[in-house]
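Chemist: So here's input_6.cif, just mmCIF, N, CA and C atoms, pLDDT in the B column; chains and numbers go by the auth columns:
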data_data
#
loop_
_atom_site.group_PDB
_atom_site.id
_atom_site.type_symbol
_atom_site.label_atom_id
_atom_site.label_comp_id
_atom_site.label_asym_id
_atom_site.label_seq_id
_atom_site.Cartn_x
_atom_site.Cartn_y
_atom_site.Cartn_z
_atom_site.B_iso_or_equiv
_atom_site.auth_seq_id
_atom_site.auth_asym_id
ATOM 1 N N MET A 1 166.225 -54.353 76.583 79.00 7 A
ATOM 2 C CA MET A 1 164.982 -54.529 77.288 79.00 7 A
ATOM 3 C C MET A 1 164.166 -53.247 77.140 79.00 7 A
ATOM 4 N N SER A 2 162.915 -53.417 76.779 88.00 8 A
ATOM 5 C CA SER A 2 162.062 -52.242 76.585 88.00 8 A
ATOM 6 C C SER A 2 161.606 -51.692 77.937 88.00 8 A
ATOM 7 N N ILE A 3 161.095 -50.472 77.909 90.00 9 A
ATOM 8 C CA ILE A 3 160.614 -49.817 79.127 90.00 9 A
ATOM 9 C C ILE A 3 159.407 -50.570 79.684 90.00 9 A
ATOM 10 N N ASP A 4 158.538 -51.049 78.806 90.00 10 A
ATOM 11 C CA ASP A 4 157.365 -51.811 79.260 90.00 10 A
ATOM 12 C C ASP A 4 157.777 -53.074 80.011 90.00 10 A
ATOM 13 N N ALA A 5 158.737 -53.787 79.496 91.00 11 A
ATOM 14 C CA ALA A 5 159.190 -55.013 80.150 91.00 11 A
ATOM 15 C C ALA A 5 159.892 -54.703 81.471 91.00 11 A
ATOM 16 N N ALA A 6 160.651 -53.629 81.516 92.00 12 A
ATOM 17 C CA ALA A 6 161.350 -53.247 82.745 92.00 12 A
ATOM 18 C C ALA A 6 160.354 -52.860 83.835 92.00 12 A
ATOM 19 N N LEU A 7 159.328 -52.084 83.472 93.00 13 A
ATOM 20 C CA LEU A 7 158.303 -51.703 84.444 93.00 13 A
ATOM 21 C C LEU A 7 157.524 -52.924 84.930 93.00 13 A
ATOM 22 N N PHE A 8 157.190 -53.824 84.003 94.00 14 A
ATOM 23 C CA PHE A 8 156.487 -55.037 84.380 94.00 14 A
ATOM 24 C C PHE A 8 157.331 -55.862 85.352 94.00 14 A
ATOM 25 N N LEU A 9 158.607 -56.034 85.055 95.00 15 A
ATOM 26 C CA LEU A 9 159.500 -56.798 85.910 95.00 15 A
ATOM 27 C C LEU A 9 159.647 -56.133 87.278 95.00 15 A
ATOM 28 N N TYR A 10 159.745 -54.820 87.319 95.00 16 A
ATOM 29 C CA TYR A 10 159.869 -54.085 88.568 95.00 16 A
ATOM 30 C C TYR A 10 158.626 -54.287 89.441 95.00 16 A
ATOM 31 N N PHE A 11 157.440 -54.091 88.885 96.00 17 A
ATOM 32 C CA PHE A 11 156.213 -54.245 89.656 96.00 17 A
ATOM 33 C C PHE A 11 155.947 -55.700 90.037 96.00 17 A
ATOM 34 N N PHE A 12 156.334 -56.627 89.173 96.00 18 A
ATOM 35 C CA PHE A 12 156.173 -58.039 89.489 96.00 18 A
ATOM 36 C C PHE A 12 157.063 -58.424 90.672 96.00 18 A
ATOM 37 N N CYS A 13 158.304 -57.986 90.671 96.00 19 A
ATOM 38 C CA CYS A 13 159.218 -58.271 91.783 96.00 19 A
ATOM 39 C C CYS A 13 158.735 -57.610 93.070 96.00 19 A
ATOM 40 N N LEU A 14 158.222 -56.391 92.980 96.00 20 A
ATOM 41 C CA LEU A 14 157.696 -55.690 94.147 96.00 20 A
ATOM 42 C C LEU A 14 156.488 -56.426 94.722 96.00 20 A
ATOM 43 N N LEU A 15 155.579 -56.844 93.863 96.00 21 A
ATOM 44 C CA LEU A 15 154.401 -57.577 94.300 96.00 21 A
ATOM 45 C C LEU A 15 154.772 -58.947 94.879 96.00 21 A
ATOM 46 N N ALA A 16 155.701 -59.632 94.260 96.00 22 A
ATOM 47 C CA ALA A 16 156.154 -60.928 94.779 96.00 22 A
ATOM 48 C C ALA A 16 156.811 -60.764 96.147 96.00 22 A
ATOM 49 N N GLY A 17 157.584 -59.718 96.318 96.00 23 A
ATOM 50 C CA GLY A 17 158.215 -59.451 97.617 96.00 23 A
ATOM 51 C C GLY A 17 157.187 -59.167 98.698 96.00 23 A
ATOM 52 N N LEU A 18 156.160 -58.385 98.373 96.00 24 A
ATOM 53 C CA LEU A 18 155.105 -58.105 99.339 96.00 24 A
ATOM 54 C C LEU A 18 154.327 -59.369 99.701 96.00 24 A
ATOM 55 N N CYS A 19 154.058 -60.208 98.731 97.00 25 A
ATOM 56 C CA CYS A 19 153.375 -61.476 99.007 97.00 25 A
ATOM 57 C C CYS A 19 154.230 -62.362 99.906 97.00 25 A
ATOM 58 N N PHE A 20 155.524 -62.419 99.632 96.00 26 A
ATOM 59 C CA PHE A 20 156.426 -63.219 100.458 96.00 26 A
ATOM 60 C C PHE A 20 156.444 -62.718 101.899 96.00 26 A
ATOM 61 N N VAL A 21 156.522 -61.415 102.088 95.00 27 A
ATOM 62 C CA VAL A 21 156.528 -60.850 103.439 95.00 27 A
ATOM 63 C C VAL A 21 155.204 -61.137 104.148 95.00 27 A
ATOM 64 N N GLY A 22 154.089 -61.016 103.456 94.00 28 A
ATOM 65 C CA GLY A 22 152.787 -61.302 104.050 94.00 28 A
ATOM 66 C C GLY A 22 152.648 -62.751 104.473 94.00 28 A
ATOM 67 N N ILE A 23 153.072 -63.662 103.625 93.00 29 A
ATOM 68 C CA ILE A 23 153.004 -65.090 103.956 93.00 29 A
ATOM 69 C C ILE A 23 153.946 -65.415 105.117 93.00 29 A
ATOM 70 N N TYR A 24 155.121 -64.817 105.128 92.00 30 A
ATOM 71 C CA TYR A 24 156.078 -65.045 106.204 92.00 30 A
ATOM 72 C C TYR A 24 155.505 -64.618 107.553 92.00 30 A
ATOM 73 N N TYR A 25 154.919 -63.425 107.627 89.00 31 A
ATOM 74 C CA TYR A 25 154.365 -62.953 108.890 89.00 31 A
ATOM 75 C C TYR A 25 153.131 -63.735 109.307 89.00 31 A
ATOM 76 N N GLU A 26 152.357 -64.217 108.374 87.00 32 A
ATOM 77 C CA GLU A 26 151.202 -65.050 108.704 87.00 32 A
ATOM 78 C C GLU A 26 151.652 -66.375 109.313 87.00 32 A
ATOM 79 N N LEU A 27 152.636 -67.013 108.720 86.00 33 A
ATOM 80 C CA LEU A 27 153.158 -68.271 109.263 86.00 33 A
ATOM 81 C C LEU A 27 153.855 -68.051 110.601 86.00 33 A
ATOM 82 N N ARG A 28 154.558 -66.962 110.735 84.00 34 A
ATOM 83 C CA ARG A 28 155.241 -66.645 111.987 84.00 34 A
ATOM 84 C C ARG A 28 154.238 -66.395 113.101 84.00 34 A
ATOM 85 N N GLY A 29 153.134 -65.710 112.806 77.00 35 A
ATOM 86 C CA GLY A 29 152.102 -65.450 113.801 77.00 35 A
ATOM 87 C C GLY A 29 151.405 -66.718 114.250 77.00 35 A
ATOM 88 N N ARG A 30 151.178 -67.637 113.346 74.00 36 A
ATOM 89 C CA ARG A 30 150.528 -68.902 113.704 74.00 36 A
ATOM 90 C C ARG A 30 151.405 -69.753 114.610 74.00 36 A
ATOM 91 N N ARG A 31 152.697 -69.659 114.435 73.00 37 A
ATOM 92 C CA ARG A 31 153.615 -70.481 115.221 73.00 37 A
ATOM 93 C C ARG A 31 153.591 -70.070 116.694 73.00 37 A
ATOM 94 N N PHE A 32 153.375 -68.780 116.985 73.00 38 A
ATOM 95 C CA PHE A 32 153.423 -68.288 118.355 73.00 38 A
ATOM 96 C C PHE A 32 152.061 -68.183 119.013 73.00 38 A
ATOM 97 N N GLU A 33 150.978 -68.347 118.279 71.00 39 A
ATOM 98 C CA GLU A 33 149.659 -68.286 118.875 71.00 39 A
ATOM 99 C C GLU A 33 149.369 -69.591 119.607 71.00 39 A
ATOM 100 N N PRO A 34 148.656 -69.516 120.726 75.00 40 A
ATOM 101 C CA PRO A 34 148.321 -70.758 121.431 75.00 40 A
ATOM 102 C C PRO A 34 147.327 -71.585 120.627 75.00 40 A
ATOM 103 N N THR A 35 147.456 -72.884 120.713 76.00 41 A
ATOM 104 C CA THR A 35 146.529 -73.750 120.002 76.00 41 A
ATOM 105 C C THR A 35 145.221 -73.832 120.779 76.00 41 A
ATOM 106 N N PRO A 36 144.108 -73.780 120.082 78.00 42 A
ATOM 107 C CA PRO A 36 142.824 -73.855 120.786 78.00 42 A
ATOM 108 C C PRO A 36 142.631 -75.232 121.408 78.00 42 A
ATOM 109 N N THR A 37 142.003 -75.251 122.558 79.00 43 A
ATOM 110 C CA THR A 37 141.764 -76.502 123.253 79.00 43 A
ATOM 111 C C THR A 37 140.333 -76.966 122.988 79.00 43 A
ATOM 112 N N GLU A 38 140.137 -78.252 123.056 85.00 44 A
ATOM 113 C CA GLU A 38 138.814 -78.827 122.834 85.00 44 A
ATOM 114 C C GLU A 38 138.043 -78.987 124.146 85.00 44 A
ATOM 115 N N ASP A 39 138.660 -78.608 125.267 86.00 45 A
ATOM 116 C CA ASP A 39 138.008 -78.757 126.565 86.00 45 A
ATOM 117 C C ASP A 39 136.744 -77.907 126.654 86.00 45 A
ATOM 118 N N HIS A 40 135.779 -78.387 127.438 89.00 46 A
ATOM 119 C CA HIS A 40 134.558 -77.627 127.688 89.00 46 A
ATOM 120 C C HIS A 40 134.777 -76.701 128.875 89.00 46 A
ATOM 121 N N ILE A 41 134.095 -75.566 128.845 89.00 47 A
ATOM 122 C CA ILE A 41 134.188 -74.592 129.926 89.00 47 A
ATOM 123 C C ILE A 41 132.958 -74.743 130.805 89.00 47 A
ATOM 124 N N PHE A 42 133.176 -74.763 132.109 92.00 48 A
ATOM 125 C CA PHE A 42 132.099 -74.888 133.079 92.00 48 A
ATOM 126 C C PHE A 42 132.152 -73.711 134.041 92.00 48 A
ATOM 127 N N ARG A 43 130.976 -73.283 134.525 91.00 49 A
ATOM 128 C CA ARG A 43 130.888 -72.256 135.569 91.00 49 A
ATOM 129 C C ARG A 43 129.970 -72.795 136.646 91.00 49 A
ATOM 130 N N CYS A 44 130.488 -72.856 137.852 90.00 50 A
ATOM 131 C CA CYS A 44 129.733 -73.424 138.957 90.00 50 A
ATOM 132 C C CYS A 44 128.554 -72.524 139.307 90.00 50 A
ATOM 133 N N GLU A 45 127.377 -73.121 139.449 88.00 51 A
ATOM 134 C CA GLU A 45 126.170 -72.372 139.796 88.00 51 A
ATOM 135 C C GLU A 45 126.164 -71.967 141.262 88.00 51 A
ATOM 136 N N ARG A 46 126.932 -72.657 142.056 89.00 52 A
ATOM 137 C CA ARG A 46 126.932 -72.396 143.496 89.00 52 A
ATOM 138 C C ARG A 46 127.995 -71.372 143.900 89.00 52 A
ATOM 139 N N CYS A 47 129.259 -71.599 143.503 91.00 53 A
ATOM 140 C CA CYS A 47 130.358 -70.723 143.941 91.00 53 A
ATOM 141 C C CYS A 47 130.903 -69.830 142.830 91.00 53 A
ATOM 142 N N ALA A 48 130.386 -69.941 141.601 89.00 54 A
ATOM 143 C CA ALA A 48 130.773 -69.120 140.443 89.00 54 A
ATOM 144 C C ALA A 48 132.212 -69.363 139.983 89.00 54 A
ATOM 145 N N PHE A 49 132.795 -70.492 140.335 91.00 55 A
ATOM 146 C CA PHE A 49 134.148 -70.840 139.901 91.00 55 A
ATOM 147 C C PHE A 49 134.105 -71.285 138.442 91.00 55 A
ATOM 148 N N VAL A 50 135.026 -70.786 137.624 92.00 56 A
ATOM 149 C CA VAL A 50 135.101 -71.149 136.211 92.00 56 A
ATOM 150 C C VAL A 50 136.254 -72.125 136.031 92.00 56 A
ATOM 151 N N TYR A 51 135.986 -73.256 135.349 92.00 57 A
ATOM 152 C CA TYR A 51 136.989 -74.290 135.167 92.00 57 A
ATOM 153 C C TYR A 51 136.727 -75.033 133.864 92.00 57 A
ATOM 154 N N THR A 52 137.679 -75.856 133.431 89.00 58 A
ATOM 155 C CA THR A 52 137.536 -76.632 132.199 89.00 58 A
ATOM 156 C C THR A 52 137.603 -78.117 132.532 89.00 58 A
ATOM 157 N N ASP A 53 137.059 -78.919 131.608 89.00 59 A
ATOM 158 C CA ASP A 53 137.114 -80.367 131.743 89.00 59 A
ATOM 159 C C ASP A 53 137.212 -80.979 130.351 89.00 59 A
ATOM 160 N N ASP A 54 137.394 -82.272 130.290 87.00 60 A
ATOM 161 C CA ASP A 54 137.601 -82.986 129.030 87.00 60 A
ATOM 162 C C ASP A 54 136.455 -82.762 128.042 87.00 60 A
ATOM 163 N N PRO A 55 136.729 -82.881 126.736 87.00 61 A
ATOM 164 C CA PRO A 55 135.685 -82.648 125.731 87.00 61 A
ATOM 165 C C PRO A 55 134.592 -83.704 125.712 87.00 61 A
ATOM 166 N N ASP A 56 134.822 -84.877 126.294 87.00 62 A
ATOM 167 C CA ASP A 56 133.797 -85.921 126.272 87.00 62 A
ATOM 168 C C ASP A 56 132.856 -85.851 127.485 87.00 62 A
ATOM 169 N N VAL A 57 132.990 -84.813 128.322 84.00 63 A
ATOM 170 C CA VAL A 57 132.177 -84.656 129.527 84.00 63 A
ATOM 171 C C VAL A 57 131.146 -83.554 129.310 84.00 63 A
ATOM 172 N N ASP A 58 129.854 -83.866 129.544 84.00 64 A
ATOM 173 C CA ASP A 58 128.805 -82.849 129.434 84.00 64 A
ATOM 174 C C ASP A 58 128.463 -82.229 130.789 84.00 64 A
ATOM 175 N N ARG A 59 128.623 -82.990 131.857 89.00 65 A
ATOM 176 C CA ARG A 59 128.403 -82.494 133.214 89.00 65 A
ATOM 177 C C ARG A 59 129.672 -82.773 134.008 89.00 65 A
ATOM 178 N N SER A 60 130.099 -81.785 134.789 90.00 66 A
ATOM 179 C CA SER A 60 131.340 -81.928 135.524 90.00 66 A
ATOM 180 C C SER A 60 131.164 -81.437 136.955 90.00 66 A
ATOM 181 N N ARG A 61 131.920 -82.033 137.853 90.00 67 A
ATOM 182 C CA ARG A 61 131.877 -81.670 139.258 90.00 67 A
ATOM 183 C C ARG A 61 132.862 -80.527 139.513 90.00 67 A
ATOM 184 N N CYS A 62 132.400 -79.497 140.221 91.00 68 A
ATOM 185 C CA CYS A 62 133.237 -78.333 140.538 91.00 68 A
ATOM 186 C C CYS A 62 134.381 -78.760 141.458 91.00 68 A
ATOM 187 N N PRO A 63 135.623 -78.374 141.136 90.00 69 A
ATOM 188 C CA PRO A 63 136.748 -78.758 141.988 90.00 69 A
ATOM 189 C C PRO A 63 136.763 -78.034 143.333 90.00 69 A
ATOM 190 N N GLN A 64 136.001 -76.933 143.464 88.00 70 A
ATOM 191 C CA GLN A 64 136.011 -76.182 144.716 88.00 70 A
ATOM 192 C C GLN A 64 134.930 -76.637 145.689 88.00 70 A
ATOM 193 N N CYS A 65 133.688 -76.789 145.185 89.00 71 A
ATOM 194 C CA CYS A 65 132.593 -77.106 146.107 89.00 71 A
ATOM 195 C C CYS A 65 131.921 -78.442 145.830 89.00 71 A
ATOM 196 N N GLY A 66 132.210 -79.074 144.689 87.00 72 A
ATOM 197 C CA GLY A 66 131.675 -80.390 144.402 87.00 72 A
ATOM 198 C C GLY A 66 130.317 -80.410 143.719 87.00 72 A
ATOM 199 N N THR A 67 129.754 -79.278 143.361 87.00 73 A
ATOM 200 C CA THR A 67 128.468 -79.212 142.686 87.00 73 A
ATOM 201 C C THR A 67 128.622 -79.657 141.227 87.00 73 A
ATOM 202 N N THR A 68 127.658 -80.440 140.726 89.00 74 A
ATOM 203 C CA THR A 68 127.676 -80.866 139.326 89.00 74 A
ATOM 204 C C THR A 68 127.092 -79.756 138.469 89.00 74 A
ATOM 205 N N ASN A 69 127.784 -79.418 137.368 89.00 75 A
ATOM 206 C CA ASN A 69 127.399 -78.296 136.518 89.00 75 A
ATOM 207 C C ASN A 69 127.322 -78.703 135.058 89.00 75 A
ATOM 208 N N GLU A 70 126.512 -77.974 134.305 87.00 76 A
ATOM 209 C CA GLU A 70 126.408 -78.122 132.858 87.00 76 A
ATOM 210 C C GLU A 70 127.484 -77.279 132.187 87.00 76 A
ATOM 211 N N LYS A 71 127.900 -77.666 130.984 86.00 77 A
ATOM 212 C CA LYS A 71 128.904 -76.875 130.261 86.00 77 A
ATOM 213 C C LYS A 71 128.269 -75.581 129.759 86.00 77 A
ATOM 214 N N ILE A 72 129.120 -74.574 129.578 82.00 78 A
ATOM 215 C CA ILE A 72 128.691 -73.270 129.072 82.00 78 A
ATOM 216 C C ILE A 72 128.738 -73.315 127.554 82.00 78 A
ATOM 217 N N THR A 73 127.676 -72.854 126.907 78.00 79 A
ATOM 218 C CA THR A 73 127.678 -72.713 125.450 78.00 79 A
ATOM 219 C C THR A 73 127.625 -71.235 125.127 78.00 79 A
ATOM 220 N N PHE A 74 128.474 -70.810 124.206 73.00 80 A
ATOM 221 C CA PHE A 74 128.540 -69.404 123.816 73.00 80 A
ATOM 222 C C PHE A 74 127.708 -69.152 122.607 73.00 80 A
#
Would you write out, as structure tokens, the structure that this file holds?

Modeler:
Amino acid sequence: MSIDAALFLYFFCLLAGLCFVGIYYELRGRRFEPTPTEDHIFRCERCAFVYTDDPDVDRSRCPQCGTTNEKITF
């Protein structure tokens, strides 16, 4: 085996190992992250209570004081 082929094989294995480690940690991180929810976020105009409701609701009643509120858009 020539020196050129040995160096190529060495760097190829090193690069493949780094790619494998990067992909492994990316998949591992995704498994433990919380899944995003589709619920809408509401903030009561009267008592300032922040709560969530189903994604098909545009106006929701506050669970604390009963005031109807619009969803918050960021």

Chemist: Here's the selection I'm unsure about, the PyMOL selection byres ((chain A and resi 67-79) around 6.5); applied to the file above, which residues does it give, as a VMD selection string?

Modeler: chain A and resid 46 to 51 64 to 66 80

Chemist: Expressed in Å to a single decimal, how great is the separation between atom C of Ala12 in chain A and atom N of Cys25 in chain A?

Modeler: 17.8 Å

Chemist: As a list in words, please: every residue in chain A that a backbone DSSP assignment puts in strand (DSSP E or B).

Modeler: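 Here is the list: His46, Ile47, Phe48, Arg49, Val56, Tyr57, Thr58, Asp59, Arg65, Ser66, Arg67, Thr74, Asn75, Glu76 and Lys77 of chain A.
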
Chemist: Would you work out the distance separating CA of Val56 in chain A from atom C of Phe38 in chain A, expressed in Å to one decimal?

Modeler: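 According to the coordinates, CA of Val56 in chain A and atom C of Phe38 in chain A are separated by 24.3 Å.
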
Chemist: Record the distance separating atom N of Ser8 in chain A and CA of Val27 in chain A, expressed in Å with one decimal.

Modeler: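 Separation between atom N of Ser8 in chain A and CA of Val27 in chain A: 28.4 Å.
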
Chemist: Please list as a list in words every residue within 9 Å of Asp45 in chain A, counting only C-alpha atoms and excluding residues in the same chain fewer than 5 positions away.

Modeler: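 With the cut-off at 9 Å, the set is Thr58, Asp59, Asp60, Pro61, Asp62 and Val63 of chain A.
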
Chemist: List every residue of chain A that DSSP, applied to the backbone of this structure, places in alpha helix (DSSP H), and write the result as a PyMOL selection string.

Modeler: chain A and resi 9-38
